[in-house]
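Structure first, commentary second.
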Amino acid sequence: MGVTRVIRRFFFPALTLRFIMRLAIVTLTAYLFFGQICIPFRVKGYSMEPTYRDGDLSFCWRLRYALSPPERHDVVAVRLAGHRVFLLKRVVGLQGEHVEFCHGELIVDGIKIEEPYVSGPYDWNLGARAVKKGCVYVVGDNRNMPMENHYFGQTSVQRIVGGPLW
Amino acid sequence: MVRIRQVAIGLGIVIGLVGVITHLSSNEERAVKRQFHRLSKWVSKDAEETTLAMARKTQNLGWLFAENCRFEAEAIPLSGCYAPEEISRYAAKARLQFSRLSLRFYDLDIRLLEGGRGRVVATARARGLMRTGEVLDETHEVEFLLEKRDKKWFFTHCEVIEVLEK
């Protein structure tokens, strides 16, 4: 009898002021946390393979760059549109640097950069370009696709909304 | 019990006040939103659309735009100024390539400016199936400028915002 009562009270709680307050606080906290600070997202597309695959689930941690700017090799979420659409890319160049791809190698300021996250050889060729002030150069990990079909380039740091939790 | 009733009445009054204030203050915003709704409705098509419906939709579409509406988009070679009739014509031609097409706007950020002008930044998502079998699924941030003439809002400028610059 006691157990049934506990179960019933769990699923159909009495609408006391205390319960309503608790419900309001939990709802507000969840909304703020998952809506503004730790936003769930689903990966769509193949540009970050093999690190992130199409359909993967993760969370965008928006406080990642609250105190420090993004660094090379960081995976960042770039705001593409509105509040809900992000591009997941890897930072390869910082402001003031010259980024180029030469026969499938990333060259920054004339120095070859090792990229262990890229699988297999690729043959991209892109002339050197300077990363503007307040910008970073971002590219996806999947370099097996033709360069023309891969959406990458420099973007304002202000568009970076955080990084994935894993 | 009395306290809960008081809280409920208080909440009801607050919600009512917010509703009234929102209703009174955003008539213009709603008019702008309606234009986006119309744009979305008249661009979209389903598989069973008749020729007559298509003609009506593309004609209506032109009426949403001001004379010499400016389009700017790096991805498609259509940048320039167009008259409403030209827009209708291009839209009819473009829609013919699709067996299904939908355009939706999200996260509309509407700023009403002085002199009957408005600026809207929105997330536009176009999805469709081309007659060739190719699938279209594109999301972009788009900036629109609108002008109010004779109590109606018209699009005067549309720009697809490029987030990454190669």
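Here's how to read the names in the structure tokens: chain A, B, ... by the order shown, residue numbers from 1 in each chain, ligand numbers from 1 in the order shown.
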
At a cut-off of 12 Å, can you tabulate as a Markdown table every residue of range 34-139 of chain A near range 8-29 of chain A together with its closest atom pair and the distance in Å to one decimal, using only C-alpha atoms and ordering rows by chain then number?
| residue | atom | partner | partner_atom | distance |
| --- | --- | --- | --- | --- |
| A:Phe34 | CA | A:Thr29 | CA | 8.4 |
| A:Gly35 | CA | A:Thr29 | CA | 9.5 |
| A:Gln36 | CA | A:Thr29 | CA | 10.3 |
| A:Ile37 | CA | A:Thr29 | CA | 10.5 |
| A:Cys38 | CA | A:Thr29 | CA | 11.6 |

Exercise answer, chain B residues close to chain A, 9 Å and only C-alpha atoms, as a CSV table (one decimal) with N, CA and C atoms, in the first residue's frame:
chain,number,residue,atom,x,y,z
B,1,MET,N,-3.9,25.9,-0.5
B,1,MET,CA,-4.7,25.9,-1.7
B,1,MET,C,-5.0,27.3,-2.2
B,3,ARG,N,-3.1,29.8,-1.6
B,3,ARG,CA,-1.9,30.5,-2.1
B,3,ARG,C,-1.7,30.0,-3.6
B,4,ILE,N,-1.9,28.8,-3.9
B,4,ILE,CA,-1.8,28.3,-5.3
B,4,ILE,C,-2.7,29.0,-6.2
B,7,VAL,N,-1.3,32.4,-6.8
B,7,VAL,CA,-0.2,32.3,-7.7
B,7,VAL,C,-0.7,32.2,-9.1
B,106,TYR,N,14.0,30.4,-40.4
B,106,TYR,CA,14.1,30.2,-38.9
B,106,TYR,C,14.8,31.4,-38.3
B,107,ASP,N,14.7,31.5,-37.0
B,107,ASP,CA,15.4,32.5,-36.2
B,107,ASP,C,15.4,33.9,-36.8
B,108,LEU,N,14.2,34.4,-37.2
B,108,LEU,CA,14.1,35.7,-37.8
B,108,LEU,C,14.5,36.8,-36.7
B,109,ASP,N,15.5,37.5,-37.1
B,109,ASP,CA,15.9,38.7,-36.2
B,109,ASP,C,15.5,39.9,-36.9
B,121,VAL,N,17.7,39.4,-40.4
B,121,VAL,CA,18.7,38.4,-40.6
B,121,VAL,C,18.0,37.0,-40.2
B,122,ALA,N,18.0,36.1,-41.1
B,122,ALA,CA,17.3,34.8,-40.9
B,122,ALA,C,18.1,33.6,-41.3
B,123,THR,N,17.7,32.5,-40.8
B,123,THR,CA,18.3,31.3,-41.3
B,123,THR,C,17.4,30.7,-42.4
B,124,ALA,N,17.9,30.5,-43.6
B,124,ALA,CA,17.1,30.0,-44.7
B,124,ALA,C,17.5,28.6,-45.0
B,139,THR,N,21.6,25.2,-46.0
B,139,THR,CA,21.2,26.2,-45.0
B,139,THR,C,22.2,27.3,-45.0
B,140,HIS,N,21.7,28.5,-45.0
B,140,HIS,CA,22.5,29.7,-45.0
B,140,HIS,C,21.9,30.8,-44.1
B,141,GLU,N,22.8,31.7,-43.7
B,141,GLU,CA,22.3,32.9,-43.1
B,141,GLU,C,22.1,34.0,-44.2
B,142,VAL,N,20.9,34.6,-44.1
B,142,VAL,CA,20.6,35.5,-45.2
B,142,VAL,C,20.1,36.8,-44.6
B,161,ILE,N,24.9,35.4,-46.6
B,161,ILE,CA,26.2,35.8,-45.8
B,161,ILE,C,27.1,34.6,-45.9
B,162,GLU,N,28.3,34.9,-46.4
B,162,GLU,CA,29.4,33.8,-46.5
B,162,GLU,C,30.1,33.8,-45.2
B,163,VAL,N,30.1,32.6,-44.6
B,163,VAL,CA,30.8,32.5,-43.3
B,163,VAL,C,32.3,32.2,-43.4
B,164,LEU,N,32.6,31.4,-44.4
B,164,LEU,CA,34.0,31.0,-44.7
B,164,LEU,C,34.5,31.6,-46.0
B,165,GLU,N,35.7,32.2,-45.9
B,165,GLU,CA,36.3,32.8,-47.1
B,165,GLU,C,37.6,32.0,-47.5
B,166,LYS,N,37.5,31.3,-48.6
B,166,LYS,CA,38.7,30.5,-49.0
B,166,LYS,C,39.9,31.4,-49.3

| request: Identify, on the basis of only C-alpha atoms, every residue whose closest approach to Glu105 in chain A does not exceed 9 Å; exclude the query and any residue fewer than 5 positions from it along the same chain; express the result as a PyMOL selection string. | output: chain A and resi 100+112-115+121-125

Selection from above, N, CA and C atoms, as a PDB file, in the first residue's frame, can you write it?
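Below is the file out-v9.pdb, written as the result:
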ATOM      1  N   GLU A 100      48.662  27.667 -46.518  1.00  0.00           N
ATOM      2  CA  GLU A 100      48.574  27.129 -47.878  1.00  0.00           C
ATOM      3  C   GLU A 100      48.563  25.603 -47.849  1.00  0.00           C
ATOM      4  N   LYS A 112      55.852  23.107 -42.585  1.00  0.00           N
ATOM      5  CA  LYS A 112      54.887  22.022 -42.741  1.00  0.00           C
ATOM      6  C   LYS A 112      54.299  21.648 -41.376  1.00  0.00           C
ATOM      7  N   ILE A 113      52.990  21.532 -41.328  1.00  0.00           N
ATOM      8  CA  ILE A 113      52.301  21.205 -40.067  1.00  0.00           C
ATOM      9  C   ILE A 113      51.831  19.751 -40.114  1.00  0.00           C
ATOM     10  N   GLU A 114      52.196  18.995 -39.096  1.00  0.00           N
ATOM     11  CA  GLU A 114      51.751  17.596 -39.013  1.00  0.00           C
ATOM     12  C   GLU A 114      50.275  17.568 -38.615  1.00  0.00           C
ATOM     13  N   GLU A 115      49.516  16.726 -39.291  1.00  0.00           N
ATOM     14  CA  GLU A 115      48.084  16.613 -38.982  1.00  0.00           C
ATOM     15  C   GLU A 115      47.723  15.137 -38.780  1.00  0.00           C
ATOM     16  N   PRO A 121      46.604  10.031 -47.690  1.00  0.00           N
ATOM     17  CA  PRO A 121      47.146  11.171 -48.445  1.00  0.00           C
ATOM     18  C   PRO A 121      46.053  11.880 -49.245  1.00  0.00           C
ATOM     19  N   TYR A 122      46.285  13.142 -49.532  1.00  0.00           N
ATOM     20  CA  TYR A 122      45.350  13.905 -50.361  1.00  0.00           C
ATOM     21  C   TYR A 122      46.176  14.833 -51.236  1.00  0.00           C
ATOM     22  N   ASP A 123      45.536  15.424 -52.227  1.00  0.00           N
ATOM     23  CA  ASP A 123      46.349  16.204 -53.182  1.00  0.00           C
ATOM     24  C   ASP A 123      45.842  17.635 -53.358  1.00  0.00           C
ATOM     25  N   TRP A 124      45.517  18.253 -52.260  1.00  0.00           N
ATOM     26  CA  TRP A 124      45.029  19.629 -52.344  1.00  0.00           C
ATOM     27  C   TRP A 124      46.186  20.593 -52.639  1.00  0.00           C
ATOM     28  N   ASN A 125      45.883  21.575 -53.457  1.00  0.00           N
ATOM     29  CA  ASN A 125      46.848  22.648 -53.720  1.00  0.00           C
ATOM     30  C   ASN A 125      46.112  23.982 -53.638  1.00  0.00           C
TER      31      ASN A 125
END

| Those in range 5-161 of chain B with helix (DSSP H, G or I) from DSSP, as a count of residues only | 63

Within 10 Å of Gly120 in chain A, counting only C-alpha atoms, which residues show up once you throw out same-chain ones fewer than 3 positions away? Write them as a compact mmCIF listing (two decimals) with N, CA and C atoms, in the first residue's frame, please.
# COMPACT_ATOMS: atom_id res chain seq x y z
N GLY A 104 49.01 18.27 -50.89
CA GLY A 104 48.43 17.53 -49.79
C GLY A 104 49.12 17.73 -48.45
N PRO A 116 47.92 14.64 -37.58
CA PRO A 116 47.64 13.22 -37.33
C PRO A 116 46.17 12.83 -37.47
N TYR A 117 45.28 13.81 -37.39
CA TYR A 117 43.84 13.54 -37.49
C TYR A 117 43.36 13.33 -38.92
N ASN A 142 38.36 15.80 -43.28
CA ASN A 142 38.23 14.91 -44.43
C ASN A 142 38.81 15.57 -45.68
N ARG A 143 40.05 15.25 -45.99
CA ARG A 143 40.70 15.85 -47.16
C ARG A 143 40.65 14.90 -48.36
N ASN A 144 39.94 13.79 -48.21
CA ASN A 144 39.83 12.86 -49.34
C ASN A 144 38.82 13.34 -50.37

| field | Shell around Arg42 in chain A at 9 Å using only C-alpha atoms, local window under 3 positions removed, as a PyMOL selection string | value | chain A and resi 54-59

Contacts of range 46-57 of chain B at 12 Å or less, counting only C-alpha atoms, minus same-chain residues fewer than 2 places along, as an mmCIF file with N, CA and C atoms, in the first residue's frame?
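Everything below was put into out-v6.cif:
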data_model
loop_
_atom_site.group_PDB
_atom_site.id
_atom_site.type_symbol
_atom_site.label_atom_id
_atom_site.label_comp_id
_atom_site.auth_asym_id
_atom_site.auth_seq_id
_atom_site.Cartn_x
_atom_site.Cartn_y
_atom_site.Cartn_z
ATOM 1 N N ARG B 38 4.936 34.169 -46.844
ATOM 2 C CA ARG B 38 4.487 34.140 -48.252
ATOM 3 C C ARG B 38 5.630 33.724 -49.174
ATOM 4 N N LEU B 39 6.820 34.303 -48.907
ATOM 5 C CA LEU B 39 7.990 33.959 -49.730
ATOM 6 C C LEU B 39 8.236 32.453 -49.683
ATOM 7 N N SER B 40 8.180 31.928 -48.473
ATOM 8 C CA SER B 40 8.408 30.495 -48.273
ATOM 9 C C SER B 40 7.338 29.675 -49.012
ATOM 10 N N LYS B 41 6.098 30.107 -48.877
ATOM 11 C CA LYS B 41 4.976 29.370 -49.479
ATOM 12 C C LYS B 41 5.050 29.381 -51.007
ATOM 13 N N TRP B 42 5.439 30.530 -51.564
ATOM 14 C CA TRP B 42 5.395 30.650 -53.024
ATOM 15 C C TRP B 42 6.655 30.117 -53.697
ATOM 16 N N VAL B 43 7.728 29.977 -52.937
ATOM 17 C CA VAL B 43 8.925 29.341 -53.520
ATOM 18 C C VAL B 43 8.760 27.821 -53.484
ATOM 19 N N SER B 44 8.163 27.316 -52.411
ATOM 20 C CA SER B 44 8.045 25.868 -52.219
ATOM 21 C C SER B 44 7.094 25.241 -53.238
ATOM 22 N N GLN B 59 3.958 34.228 -60.068
ATOM 23 C CA GLN B 59 3.498 35.610 -60.268
ATOM 24 C C GLN B 59 3.383 36.321 -58.919
ATOM 25 N N ASN B 60 2.771 35.641 -57.961
ATOM 26 C CA ASN B 60 2.641 36.208 -56.609
ATOM 27 C C ASN B 60 4.005 36.520 -56.008
ATOM 28 N N LEU B 61 4.961 35.638 -56.277
ATOM 29 C CA LEU B 61 6.312 35.787 -55.732
ATOM 30 C C LEU B 61 6.917 37.138 -56.119
ATOM 31 N N GLY B 62 6.737 37.517 -57.378
ATOM 32 C CA GLY B 62 7.283 38.783 -57.864
ATOM 33 C C GLY B 62 6.749 39.973 -57.101
ATOM 34 N N TRP B 63 5.510 39.878 -56.644
ATOM 35 C CA TRP B 63 4.882 41.002 -55.944
ATOM 36 C C TRP B 63 5.470 41.257 -54.550
ATOM 37 N N LEU B 64 6.280 40.347 -54.079
ATOM 38 C CA LEU B 64 6.905 40.543 -52.762
ATOM 39 C C LEU B 64 8.115 41.469 -52.836
ATOM 40 N N ILE B 87 12.209 38.455 -61.478
ATOM 41 C CA ILE B 87 12.281 37.502 -60.361
ATOM 42 C C ILE B 87 11.285 36.370 -60.589
ATOM 43 N N SER B 88 10.078 36.728 -61.011
ATOM 44 C CA SER B 88 9.057 35.714 -61.296
ATOM 45 C C SER B 88 9.552 34.751 -62.375
ATOM 46 N N ARG B 89 10.166 35.338 -63.399
ATOM 47 C CA ARG B 89 10.634 34.523 -64.528
ATOM 48 C C ARG B 89 11.745 33.571 -64.084
ATOM 49 N N ALA B 91 12.367 32.573 -61.069
ATOM 50 C CA ALA B 91 11.819 31.609 -60.105
ATOM 51 C C ALA B 91 11.114 30.477 -60.838
ATOM 52 N N ALA B 92 10.357 30.821 -61.873
ATOM 53 C CA ALA B 92 9.650 29.789 -62.643
ATOM 54 C C ALA B 92 10.648 28.834 -63.277
ATOM 55 N N LYS B 93 11.725 29.399 -63.820
ATOM 56 C CA LYS B 93 12.748 28.578 -64.478
ATOM 57 C C LYS B 93 13.440 27.663 -63.455
ATOM 58 N N ALA B 94 13.772 28.259 -62.304
ATOM 59 C CA ALA B 94 14.477 27.481 -61.273
ATOM 60 C C ALA B 94 13.575 26.383 -60.705
ATOM 61 N N ARG B 95 12.310 26.707 -60.500
ATOM 62 C CA ARG B 95 11.393 25.723 -59.905
ATOM 63 C C ARG B 95 11.159 24.534 -60.819
ATOM 64 N N LEU B 96 11.272 24.796 -62.148
ATOM 65 C CA LEU B 96 11.068 23.714 -63.112
ATOM 66 C C LEU B 96 12.108 22.603 -62.954
ATOM 67 N N GLN B 97 13.268 22.978 -62.409
ATOM 68 C CA GLN B 97 14.333 21.978 -62.255
ATOM 69 C C GLN B 97 14.084 21.043 -61.072
ATOM 70 N N PHE B 98 13.097 21.381 -60.261
ATOM 71 C CA PHE B 98 12.826 20.581 -59.063
ATOM 72 C C PHE B 98 11.493 19.858 -59.174
ATOM 73 N N SER B 99 11.469 18.644 -58.647
ATOM 74 C CA SER B 99 10.180 17.973 -58.541
ATOM 75 C C SER B 99 9.566 18.279 -57.174
ATOM 76 N N ARG B 100 10.422 18.574 -56.212
ATOM 77 C CA ARG B 100 9.968 18.982 -54.879
ATOM 78 C C ARG B 100 10.900 20.052 -54.354
ATOM 79 N N LEU B 101 10.364 21.054 -53.710
ATOM 80 C CA LEU B 101 11.214 22.131 -53.190
ATOM 81 C C LEU B 101 10.553 22.766 -51.977
ATOM 82 N N SER B 102 11.339 22.989 -50.961
ATOM 83 C CA SER B 102 10.776 23.716 -49.808
ATOM 84 C C SER B 102 11.793 24.725 -49.294
ATOM 85 N N LEU B 103 11.303 25.894 -48.957
ATOM 86 C CA LEU B 103 12.156 26.945 -48.385
ATOM 87 C C LEU B 103 11.540 27.352 -47.056
ATOM 88 N N ARG B 127 15.361 22.817 -49.149
ATOM 89 C CA ARG B 127 15.462 21.368 -49.345
ATOM 90 C C ARG B 127 14.647 21.012 -50.570
ATOM 91 N N GLY B 128 15.172 20.086 -51.332
ATOM 92 C CA GLY B 128 14.415 19.712 -52.522
ATOM 93 C C GLY B 128 15.004 18.521 -53.235
ATOM 94 N N LEU B 129 14.258 18.060 -54.198
ATOM 95 C CA LEU B 129 14.698 16.952 -55.036
ATOM 96 C C LEU B 129 14.654 17.442 -56.473
ATOM 97 N N MET B 130 15.828 17.401 -57.122
ATOM 98 C CA MET B 130 15.889 17.885 -58.495
ATOM 99 C C MET B 130 15.401 16.794 -59.438
ATOM 100 N N ARG B 131 15.020 17.221 -60.635
ATOM 101 C CA ARG B 131 14.525 16.241 -61.614
ATOM 102 C C ARG B 131 15.624 15.254 -62.003
#

| request: Considering only C-alpha atoms, return as a ChimeraX atom specification whatever protein or nucleic-acid residues lie within 9 Å of range 28-36 of chain B, sequence-local ones (same chain, fewer than 4 positions apart) excluded. | output: /B:40-41,64,104-105,108,110-112,118,120,146,152-155

Include N, CA and C atoms and write out the residues we just selected as a PDB file, in the first residue's frame.
ATOM      1  N   SER B  40       8.180  31.928 -48.473  1.00  0.00           N
ATOM      2  CA  SER B  40       8.408  30.495 -48.273  1.00  0.00           C
ATOM      3  C   SER B  40       7.338  29.675 -49.012  1.00  0.00           C
ATOM      4  N   LYS B  41       6.098  30.107 -48.877  1.00  0.00           N
ATOM      5  CA  LYS B  41       4.976  29.370 -49.479  1.00  0.00           C
ATOM      6  C   LYS B  41       5.050  29.381 -51.007  1.00  0.00           C
ATOM      7  N   LEU B  64       6.280  40.347 -54.079  1.00  0.00           N
ATOM      8  CA  LEU B  64       6.905  40.543 -52.762  1.00  0.00           C
ATOM      9  C   LEU B  64       8.115  41.469 -52.836  1.00  0.00           C
ATOM     10  N   ARG B 104      12.320  27.290 -46.010  1.00  0.00           N
ATOM     11  CA  ARG B 104      11.827  27.659 -44.684  1.00  0.00           C
ATOM     12  C   ARG B 104      12.767  28.683 -44.051  1.00  0.00           C
ATOM     13  N   PHE B 105      12.195  29.574 -43.265  1.00  0.00           N
ATOM     14  CA  PHE B 105      12.995  30.563 -42.549  1.00  0.00           C
ATOM     15  C   PHE B 105      12.890  30.330 -41.049  1.00  0.00           C
ATOM     16  N   LEU B 108      14.235  34.361 -37.151  1.00  0.00           N
ATOM     17  CA  LEU B 108      14.127  35.689 -37.760  1.00  0.00           C
ATOM     18  C   LEU B 108      14.468  36.777 -36.741  1.00  0.00           C
ATOM     19  N   ILE B 110      14.341  40.508 -36.485  1.00  0.00           N
ATOM     20  CA  ILE B 110      13.744  41.634 -37.209  1.00  0.00           C
ATOM     21  C   ILE B 110      14.084  42.953 -36.518  1.00  0.00           C
ATOM     22  N   ARG B 111      14.694  43.866 -37.271  1.00  0.00           N
ATOM     23  CA  ARG B 111      14.961  45.217 -36.747  1.00  0.00           C
ATOM     24  C   ARG B 111      14.192  46.213 -37.607  1.00  0.00           C
ATOM     25  N   LEU B 112      13.288  46.942 -36.970  1.00  0.00           N
ATOM     26  CA  LEU B 112      12.548  47.960 -37.719  1.00  0.00           C
ATOM     27  C   LEU B 112      13.311  49.280 -37.619  1.00  0.00           C
ATOM     28  N   GLY B 118      13.212  48.078 -42.865  1.00  0.00           N
ATOM     29  CA  GLY B 118      13.446  46.986 -41.922  1.00  0.00           C
ATOM     30  C   GLY B 118      14.621  46.145 -42.368  1.00  0.00           C
ATOM     31  N   VAL B 120      16.263  42.291 -41.693  1.00  0.00           N
ATOM     32  CA  VAL B 120      15.987  40.974 -41.107  1.00  0.00           C
ATOM     33  C   VAL B 120      17.150  40.036 -41.403  1.00  0.00           C
ATOM     34  N   LEU B 146      14.053  45.456 -46.156  1.00  0.00           N
ATOM     35  CA  LEU B 146      12.680  45.636 -46.642  1.00  0.00           C
ATOM     36  C   LEU B 146      12.283  47.101 -46.548  1.00  0.00           C
ATOM     37  N   LYS B 152       2.505  48.196 -47.339  1.00  0.00           N
ATOM     38  CA  LYS B 152       2.973  46.829 -47.622  1.00  0.00           C
ATOM     39  C   LYS B 152       4.488  46.786 -47.576  1.00  0.00           C
ATOM     40  N   TRP B 153       5.004  45.654 -47.094  1.00  0.00           N
ATOM     41  CA  TRP B 153       6.456  45.495 -47.024  1.00  0.00           C
ATOM     42  C   TRP B 153       6.967  44.802 -48.281  1.00  0.00           C
ATOM     43  N   PHE B 154       8.064  45.348 -48.839  1.00  0.00           N
ATOM     44  CA  PHE B 154       8.677  44.747 -50.025  1.00  0.00           C
ATOM     45  C   PHE B 154      10.153  44.474 -49.758  1.00  0.00           C
ATOM     46  N   PHE B 155      10.629  43.365 -50.295  1.00  0.00           N
ATOM     47  CA  PHE B 155      12.055  43.053 -50.184  1.00  0.00           C
ATOM     48  C   PHE B 155      12.827  43.948 -51.150  1.00  0.00           C
TER      49      PHE B 155
END

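For the atom pair formed by CA of Pro77 in chain B and CA of Phe86 in chain A, the distance is 25.0 Å, given to one decimal.
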
| strand (DSSP E or B) positions in range 14-121 of chain A, given as a PyMOL selection string | chain A and resi 38-42+57-61+75-81+85-93+98-102+105-108+111-113

Can you write out the residues you just picked, keeping N, CA and C atoms, as an mmCIF file, in the first residue's frame?
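part02.cif, written as the output of this step:
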data_model
loop_
_atom_site.group_PDB
_atom_site.id
_atom_site.type_symbol
_atom_site.label_atom_id
_atom_site.label_comp_id
_atom_site.auth_asym_id
_atom_site.auth_seq_id
_atom_site.Cartn_x
_atom_site.Cartn_y
_atom_site.Cartn_z
ATOM 1 N N CYS A 38 25.506 24.337 -23.014
ATOM 2 C CA CYS A 38 25.956 23.021 -23.481
ATOM 3 C C CYS A 38 24.904 22.498 -24.472
ATOM 4 N N ILE A 39 25.059 22.920 -25.719
ATOM 5 C CA ILE A 39 23.986 22.699 -26.696
ATOM 6 C C ILE A 39 24.157 21.350 -27.412
ATOM 7 N N PRO A 40 23.168 20.472 -27.317
ATOM 8 C CA PRO A 40 23.286 19.194 -28.029
ATOM 9 C C PRO A 40 23.225 19.397 -29.542
ATOM 10 N N PHE A 41 24.026 18.649 -30.290
ATOM 11 C CA PHE A 41 23.953 18.743 -31.753
ATOM 12 C C PHE A 41 24.233 17.397 -32.391
ATOM 13 N N ARG A 42 23.794 17.280 -33.615
ATOM 14 C CA ARG A 42 24.023 16.056 -34.390
ATOM 15 C C ARG A 42 24.847 16.427 -35.623
ATOM 16 N N LEU A 57 26.517 12.220 -32.291
ATOM 17 C CA LEU A 57 25.900 13.171 -31.357
ATOM 18 C C LEU A 57 26.955 13.725 -30.402
ATOM 19 N N SER A 58 26.862 14.987 -30.105
ATOM 20 C CA SER A 58 27.786 15.587 -29.146
ATOM 21 C C SER A 58 27.132 16.832 -28.551
ATOM 22 N N PHE A 59 27.891 17.547 -27.743
ATOM 23 C CA PHE A 59 27.407 18.789 -27.152
ATOM 24 C C PHE A 59 28.392 19.905 -27.474
ATOM 25 N N CYS A 60 27.872 21.068 -27.775
ATOM 26 C CA CYS A 60 28.742 22.220 -28.026
ATOM 27 C C CYS A 60 28.913 22.976 -26.706
ATOM 28 N N TRP A 61 30.138 22.976 -26.197
ATOM 29 C CA TRP A 61 30.436 23.648 -24.931
ATOM 30 C C TRP A 61 30.780 25.104 -25.225
ATOM 31 N N VAL A 75 39.148 21.737 -32.483
ATOM 32 C CA VAL A 75 37.911 21.594 -33.255
ATOM 33 C C VAL A 75 36.921 22.610 -32.698
ATOM 34 N N VAL A 76 36.388 23.429 -33.578
ATOM 35 C CA VAL A 76 35.491 24.510 -33.123
ATOM 36 C C VAL A 76 34.141 24.428 -33.827
ATOM 37 N N ALA A 77 33.149 25.000 -33.159
ATOM 38 C CA ALA A 77 31.822 25.116 -33.776
ATOM 39 C C ALA A 77 31.678 26.552 -34.268
ATOM 40 N N VAL A 78 31.539 26.707 -35.571
ATOM 41 C CA VAL A 78 31.397 28.031 -36.174
ATOM 42 C C VAL A 78 29.908 28.256 -36.464
ATOM 43 N N ARG A 79 29.399 29.389 -36.020
ATOM 44 C CA ARG A 79 27.978 29.670 -36.249
ATOM 45 C C ARG A 79 27.728 29.921 -37.735
ATOM 46 N N LEU A 80 26.967 29.041 -38.360
ATOM 47 C CA LEU A 80 26.671 29.198 -39.783
ATOM 48 C C LEU A 80 25.451 30.082 -39.989
ATOM 49 N N ALA A 81 24.412 29.825 -39.199
ATOM 50 C CA ALA A 81 23.180 30.603 -39.348
ATOM 51 C C ALA A 81 22.364 30.494 -38.074
ATOM 52 N N VAL A 85 22.493 26.386 -36.127
ATOM 53 C CA VAL A 85 23.240 25.703 -37.192
ATOM 54 C C VAL A 85 24.721 26.057 -37.089
ATOM 55 N N PHE A 86 25.535 25.047 -36.828
ATOM 56 C CA PHE A 86 26.980 25.253 -36.685
ATOM 57 C C PHE A 86 27.721 24.479 -37.757
ATOM 58 N N LEU A 87 28.939 24.949 -38.033
ATOM 59 C CA LEU A 87 29.868 24.178 -38.849
ATOM 60 C C LEU A 87 30.914 23.643 -37.891
ATOM 61 N N LEU A 88 31.228 22.373 -37.995
ATOM 62 C CA LEU A 88 32.268 21.805 -37.140
ATOM 63 C C LEU A 88 33.546 21.746 -37.969
ATOM 64 N N LYS A 89 34.569 22.476 -37.546
ATOM 65 C CA LYS A 89 35.816 22.546 -38.325
ATOM 66 C C LYS A 89 37.014 22.561 -37.387
ATOM 67 N N ARG A 90 38.199 22.358 -37.979
ATOM 68 C CA ARG A 90 39.421 22.386 -37.181
ATOM 69 C C ARG A 90 40.230 23.638 -37.527
ATOM 70 N N VAL A 91 40.726 24.295 -36.495
ATOM 71 C CA VAL A 91 41.532 25.504 -36.706
ATOM 72 C C VAL A 91 42.920 25.081 -37.184
ATOM 73 N N VAL A 92 43.349 25.620 -38.335
ATOM 74 C CA VAL A 92 44.699 25.298 -38.819
ATOM 75 C C VAL A 92 45.575 26.543 -38.925
ATOM 76 N N GLY A 93 44.951 27.728 -38.930
ATOM 77 C CA GLY A 93 45.744 28.947 -39.030
ATOM 78 C C GLY A 93 45.192 30.039 -38.140
ATOM 79 N N HIS A 98 50.196 32.811 -42.647
ATOM 80 C CA HIS A 98 49.930 32.521 -44.066
ATOM 81 C C HIS A 98 49.698 31.023 -44.208
ATOM 82 N N VAL A 99 48.513 30.684 -44.690
ATOM 83 C CA VAL A 99 48.125 29.271 -44.783
ATOM 84 C C VAL A 99 48.115 28.847 -46.248
ATOM 85 N N GLU A 100 48.662 27.667 -46.518
ATOM 86 C CA GLU A 100 48.574 27.129 -47.878
ATOM 87 C C GLU A 100 48.563 25.603 -47.849
ATOM 88 N N PHE A 101 48.050 25.019 -48.921
ATOM 89 C CA PHE A 101 48.125 23.570 -49.091
ATOM 90 C C PHE A 101 48.985 23.313 -50.320
ATOM 91 N N CYS A 102 49.980 22.453 -50.134
ATOM 92 C CA CYS A 102 50.886 22.166 -51.228
ATOM 93 C C CYS A 102 51.037 20.653 -51.359
ATOM 94 N N GLU A 105 49.816 18.839 -48.322
ATOM 95 C CA GLU A 105 50.429 19.133 -47.022
ATOM 96 C C GLU A 105 50.023 20.533 -46.590
ATOM 97 N N LEU A 106 49.752 20.650 -45.297
ATOM 98 C CA LEU A 106 49.387 21.962 -44.760
ATOM 99 C C LEU A 106 50.664 22.722 -44.408
ATOM 100 N N ILE A 107 50.792 23.902 -44.985
ATOM 101 C CA ILE A 107 51.972 24.731 -44.731
ATOM 102 C C ILE A 107 51.494 26.035 -44.090
ATOM 103 N N VAL A 108 52.052 26.343 -42.937
ATOM 104 C CA VAL A 108 51.718 27.606 -42.279
ATOM 105 C C VAL A 108 53.003 28.404 -42.087
ATOM 106 N N ILE A 111 56.123 26.588 -42.924
ATOM 107 C CA ILE A 111 56.499 25.381 -42.153
ATOM 108 C C ILE A 111 55.414 24.329 -42.302
ATOM 109 N N LYS A 112 55.852 23.107 -42.585
ATOM 110 C CA LYS A 112 54.887 22.022 -42.741
ATOM 111 C C LYS A 112 54.299 21.648 -41.376
ATOM 112 N N ILE A 113 52.990 21.532 -41.328
ATOM 113 C CA ILE A 113 52.301 21.205 -40.067
ATOM 114 C C ILE A 113 51.831 19.751 -40.114
#

| message | I'd like to know which of B:Cys158, B:Val20, B:Lys45, B:Ile15 is closest to Ala126 in chain B, using only C-alpha atoms. | response |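 For Ala126 in chain B, the nearest of the given residues is B:Lys45.
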
| Just how far from CA of Ala128 in chain A is CA of Val157 in chain A, in Å to one decimal? |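 Going from CA of Val157 in chain A over to CA of Ala128 in chain A, I get 20.2 Å.
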